[in-house]
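Worksheet for the structure shown next.
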Amino acid sequence: GVRLVGSEMCIRDRNNTQFLSNGESRQESNTGISHIAVAFPLGDKTGMAFGLRQYSAVGYEYETSNLANDISSTNKYDGSGGLNEFFLGGAYEFHNSFSLGINAKYLFGKIEENKRVIYNSATSSNFFNTINRYETNVSSFSTDIGVHYFKQINSNYRLVVGITASPIDDLEGKRSNLIATY
């Protein structure tokens, strides 16, 4: 039901990823905080929760080599950042087996992506290297609403069924693009 109590901080398990390309391999791993949440009762039939969690993450770096008309170049790609979600929610048990809850969410964060074209100076002295930098800053509000049905089957088991609805919202933010030669 609504009897929310406690707090939680979850450390994301160590993610091990192996990248393979053209016979070469690379192993990467990372660890971080997945989310922080606090929930507590506001009486017998009402509860409240708030927290912060990672909504998405971007992290990559790779390169490709090109050769066209005897001119060699390297394309380097990298991206970093991500979105976070702060939420504030409440729930009310309006019947012995039903409760209704709503979450207000604020999504925020920044994602940076770069593409560099670097020419080999020995084969292409007449070309300038270029960088194409994208930066996306997100700042947006959203909501979730949910209904929760629960029934105690016996002293060890409880049946819980829930439905959550989230309106399809467009994320609000600002995207900038810088293209430069060097």
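Within each chain, counting starts at residue 1; across the structure tokens, chains are named A, B, ... in the order shown, with ligands numbered 1 upward in that order.
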Notebook entry, point to check: Hey, what's within 7 Å of A:Val117 if we count only C-alpha atoms and toss same-chain stuff fewer than 2 positions away? As a PyMOL selection string, please?
Noted result: chain A and resi 73-76+115+119+129-131
Checklist line | Shell around stretch 168-175 of chain A at 6 Å using only C-alpha atoms, local window under 2 positions removed, as a PyMOL selection string | finding: chain A and resi 135-140
Checklist line | Residue contacts of stretch 149-155 of chain A (8 Å, only C-alpha atoms) excluding same-chain residues fewer than 5 positions away, as a list of chain:residue names | finding: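 Counting only C-alpha atoms, the residues come to A:Gly1, A:Ser97, A:Phe98, A:Ser99, A:Val160, A:Val161, A:Gly162.
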Let's have the selection written as a compact mmCIF listing (two decimals), in the first residue's frame, with N, CA and C atoms.
# COMPACT_ATOMS: atom_id res chain seq x y z
N GLY A 1 0.82 -1.19 0.00
CA GLY A 1 0.00 0.00 0.00
C GLY A 1 0.85 1.24 0.00
N SER A 97 -7.70 -1.80 -0.68
CA SER A 97 -6.82 -2.52 -1.60
C SER A 97 -6.30 -1.68 -2.75
N PHE A 98 -6.65 -0.40 -2.79
CA PHE A 98 -6.25 0.46 -3.91
C PHE A 98 -5.55 1.71 -3.40
N SER A 99 -4.54 2.13 -4.14
CA SER A 99 -3.92 3.42 -3.87
C SER A 99 -3.65 4.12 -5.20
N VAL A 160 0.40 -7.99 -5.84
CA VAL A 160 0.50 -6.56 -6.13
C VAL A 160 0.42 -6.38 -7.64
N VAL A 161 -0.49 -5.52 -8.09
CA VAL A 161 -0.64 -5.19 -9.50
C VAL A 161 -0.67 -3.68 -9.62
N GLY A 162 0.11 -3.15 -10.54
CA GLY A 162 0.15 -1.70 -10.72
C GLY A 162 0.12 -1.30 -12.18
Item checked: Residue nearest A:Ala39 - candidates A:Ser65, A:His148, A:Gly51, A:Asp70, atoms counted: only C-alpha atoms -> A:Gly51
Next item on the list: Report as number ranges by chain: the residues of chain A with a DSSP assignment of strand (DSSP E or B), based on the backbone of this structure.
Entry: A: 6-21, 24-41, 46-68, 71-95, 98-119, 130-152, 158-165, 173-181
Margin query: If I take atom CA of A:Gly43 and atom CA of A:Phe141, how far is one from the other in Å, to one decimal?
Written below: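 Atom CA of A:Gly43 sits 28.0 Å away from atom CA of A:Phe141.
Minimum atom-to-atom distances from A:Ser34, A:Asn156, A:Asn84, A:Ser72 to A:Tyr55 were compared using only C-alpha atoms, and the lowest value belongs to A:Asn84.
Going from atom CA of A:Asp78 over to atom CA of A:Arg53, you cover 23.8 Å.
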Notebook entry, point to check: Neighbours of A:Gly146 within 10 Å (only C-alpha atoms; same-chain residues fewer than 3 positions away dropped), as JSON, numbers by chain?
Noted result: {"A": [91, 99, 100, 101, 102, 103, 162, 163, 164, 165, 166]}
Item checked: Nearest candidate to A:Ile111 (options A:Pro167, A:Gly89, A:Gly79, A:Gly47; using only C-alpha atoms) ->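 Among A:Pro167, A:Gly89, A:Gly79, A:Gly47, it is A:Gly79 that comes nearest to A:Ile111.
For the atom pair formed by atom CA of A:Gln54 and atom CA of A:Gly82, the distance is 7.9 Å, given to one decimal.
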Give me, as a PDB file with all heavy atoms, in the first residue's frame, all polymer residues having an atom no more than 8 Å from A:Lys105, counting only C-alpha atoms and skipping those fewer than 2 positions away in the same chain.
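Output file around.pdb follows:
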ATOM      1  N   GLU A  85      17.159  12.889 -13.425  1.00  0.00           N
ATOM      2  CA  GLU A  85      15.747  13.119 -13.122  1.00  0.00           C
ATOM      3  C   GLU A  85      15.593  13.319 -11.617  1.00  0.00           C
ATOM      4  O   GLU A  85      15.985  12.466 -10.825  1.00  0.00           O
ATOM      5  CB  GLU A  85      14.928  11.920 -13.574  1.00  0.00           C
ATOM      6  CG  GLU A  85      13.467  12.012 -13.213  1.00  0.00           C
ATOM      7  CD  GLU A  85      12.721  10.738 -13.550  1.00  0.00           C
ATOM      8  OE1 GLU A  85      12.864   9.760 -12.791  1.00  0.00           O
ATOM      9  OE2 GLU A  85      12.013  10.733 -14.558  1.00  0.00           O
ATOM     10  N   PHE A  86      15.039  14.467 -11.232  1.00  0.00           N
ATOM     11  CA  PHE A  86      14.635  14.689  -9.851  1.00  0.00           C
ATOM     12  C   PHE A  86      13.131  14.455  -9.794  1.00  0.00           C
ATOM     13  O   PHE A  86      12.397  14.958 -10.645  1.00  0.00           O
ATOM     14  CB  PHE A  86      14.954  16.117  -9.388  1.00  0.00           C
ATOM     15  CG  PHE A  86      14.419  16.397  -8.011  1.00  0.00           C
ATOM     16  CD1 PHE A  86      15.070  15.917  -6.895  1.00  0.00           C
ATOM     17  CD2 PHE A  86      13.247  17.107  -7.842  1.00  0.00           C
ATOM     18  CE1 PHE A  86      14.569  16.143  -5.627  1.00  0.00           C
ATOM     19  CE2 PHE A  86      12.730  17.347  -6.582  1.00  0.00           C
ATOM     20  CZ  PHE A  86      13.393  16.866  -5.469  1.00  0.00           C
ATOM     21  N   PHE A  87      12.663  13.682  -8.827  1.00  0.00           N
ATOM     22  CA  PHE A  87      11.233  13.415  -8.740  1.00  0.00           C
ATOM     23  C   PHE A  87      10.722  13.678  -7.333  1.00  0.00           C
ATOM     24  O   PHE A  87      11.437  13.549  -6.345  1.00  0.00           O
ATOM     25  CB  PHE A  87      10.901  11.980  -9.172  1.00  0.00           C
ATOM     26  CG  PHE A  87      11.460  10.921  -8.269  1.00  0.00           C
ATOM     27  CD1 PHE A  87      10.721  10.432  -7.208  1.00  0.00           C
ATOM     28  CD2 PHE A  87      12.730  10.421  -8.488  1.00  0.00           C
ATOM     29  CE1 PHE A  87      11.244   9.457  -6.369  1.00  0.00           C
ATOM     30  CE2 PHE A  87      13.259   9.449  -7.656  1.00  0.00           C
ATOM     31  CZ  PHE A  87      12.509   8.970  -6.594  1.00  0.00           C
ATOM     32  N   LEU A  88       9.463  14.076  -7.279  1.00  0.00           N
ATOM     33  CA  LEU A  88       8.742  14.296  -6.033  1.00  0.00           C
ATOM     34  C   LEU A  88       7.382  13.655  -6.221  1.00  0.00           C
ATOM     35  O   LEU A  88       6.675  13.973  -7.185  1.00  0.00           O
ATOM     36  CB  LEU A  88       8.603  15.788  -5.747  1.00  0.00           C
ATOM     37  CG  LEU A  88       7.771  16.180  -4.532  1.00  0.00           C
ATOM     38  CD1 LEU A  88       8.434  15.672  -3.258  1.00  0.00           C
ATOM     39  CD2 LEU A  88       7.598  17.686  -4.480  1.00  0.00           C
ATOM     40  N   ASN A 103       3.695  11.420  -9.598  1.00  0.00           N
ATOM     41  CA  ASN A 103       5.072  11.907  -9.519  1.00  0.00           C
ATOM     42  C   ASN A 103       5.212  13.136 -10.397  1.00  0.00           C
ATOM     43  O   ASN A 103       4.751  13.139 -11.546  1.00  0.00           O
ATOM     44  CB  ASN A 103       6.076  10.868 -10.027  1.00  0.00           C
ATOM     45  CG  ASN A 103       6.369   9.789  -9.037  1.00  0.00           C
ATOM     46  OD1 ASN A 103       6.222   9.962  -7.838  1.00  0.00           O
ATOM     47  ND2 ASN A 103       6.791   8.644  -9.537  1.00  0.00           N
ATOM     48  N   LEU A 107      13.547  16.824 -15.527  1.00  0.00           N
ATOM     49  CA  LEU A 107      14.683  16.246 -16.254  1.00  0.00           C
ATOM     50  C   LEU A 107      15.659  17.368 -16.598  1.00  0.00           C
ATOM     51  O   LEU A 107      15.253  18.422 -17.095  1.00  0.00           O
ATOM     52  CB  LEU A 107      14.211  15.573 -17.536  1.00  0.00           C
ATOM     53  CG  LEU A 107      13.328  14.351 -17.359  1.00  0.00           C
ATOM     54  CD1 LEU A 107      12.688  13.960 -18.671  1.00  0.00           C
ATOM     55  CD2 LEU A 107      14.139  13.209 -16.807  1.00  0.00           C
ATOM     56  N   PHE A 141       9.939  19.488 -17.539  1.00  0.00           N
ATOM     57  CA  PHE A 141       9.075  18.912 -16.512  1.00  0.00           C
ATOM     58  C   PHE A 141       8.163  17.852 -17.113  1.00  0.00           C
ATOM     59  O   PHE A 141       7.786  17.939 -18.285  1.00  0.00           O
ATOM     60  CB  PHE A 141       8.211  19.996 -15.849  1.00  0.00           C
ATOM     61  CG  PHE A 141       8.993  20.919 -14.968  1.00  0.00           C
ATOM     62  CD1 PHE A 141       9.473  22.122 -15.456  1.00  0.00           C
ATOM     63  CD2 PHE A 141       9.258  20.584 -13.650  1.00  0.00           C
ATOM     64  CE1 PHE A 141      10.195  22.976 -14.653  1.00  0.00           C
ATOM     65  CE2 PHE A 141       9.981  21.424 -12.839  1.00  0.00           C
ATOM     66  CZ  PHE A 141      10.447  22.624 -13.343  1.00  0.00           C
ATOM     67  N   SER A 142       7.777  16.863 -16.289  1.00  0.00           N
ATOM     68  CA  SER A 142       6.887  15.795 -16.722  1.00  0.00           C
ATOM     69  C   SER A 142       6.191  15.216 -15.497  1.00  0.00           C
ATOM     70  O   SER A 142       6.562  15.515 -14.362  1.00  0.00           O
ATOM     71  CB  SER A 142       7.693  14.707 -17.444  1.00  0.00           C
ATOM     72  OG  SER A 142       6.844  13.691 -17.921  1.00  0.00           O
ATOM     73  N   THR A 143       5.189  14.365 -15.724  1.00  0.00           N
ATOM     74  CA  THR A 143       4.464  13.721 -14.628  1.00  0.00           C
ATOM     75  C   THR A 143       4.204  12.260 -14.943  1.00  0.00           C
ATOM     76  O   THR A 143       4.215  11.845 -16.105  1.00  0.00           O
ATOM     77  CB  THR A 143       3.099  14.400 -14.364  1.00  0.00           C
ATOM     78  OG1 THR A 143       2.324  14.347 -15.568  1.00  0.00           O
ATOM     79  CG2 THR A 143       3.258  15.827 -13.908  1.00  0.00           C
ATOM     80  N   ASP A 144       3.993  11.481 -13.904  1.00  0.00           N
ATOM     81  CA  ASP A 144       3.541  10.092 -13.982  1.00  0.00           C
ATOM     82  C   ASP A 144       2.354   9.964 -13.035  1.00  0.00           C
ATOM     83  O   ASP A 144       2.319  10.600 -11.987  1.00  0.00           O
ATOM     84  CB  ASP A 144       4.606   9.101 -13.505  1.00  0.00           C
ATOM     85  CG  ASP A 144       5.825   9.037 -14.392  1.00  0.00           C
ATOM     86  OD1 ASP A 144       5.686   9.254 -15.599  1.00  0.00           O
ATOM     87  OD2 ASP A 144       6.907   8.761 -13.860  1.00  0.00           O
TER      88      ASP A 144
END
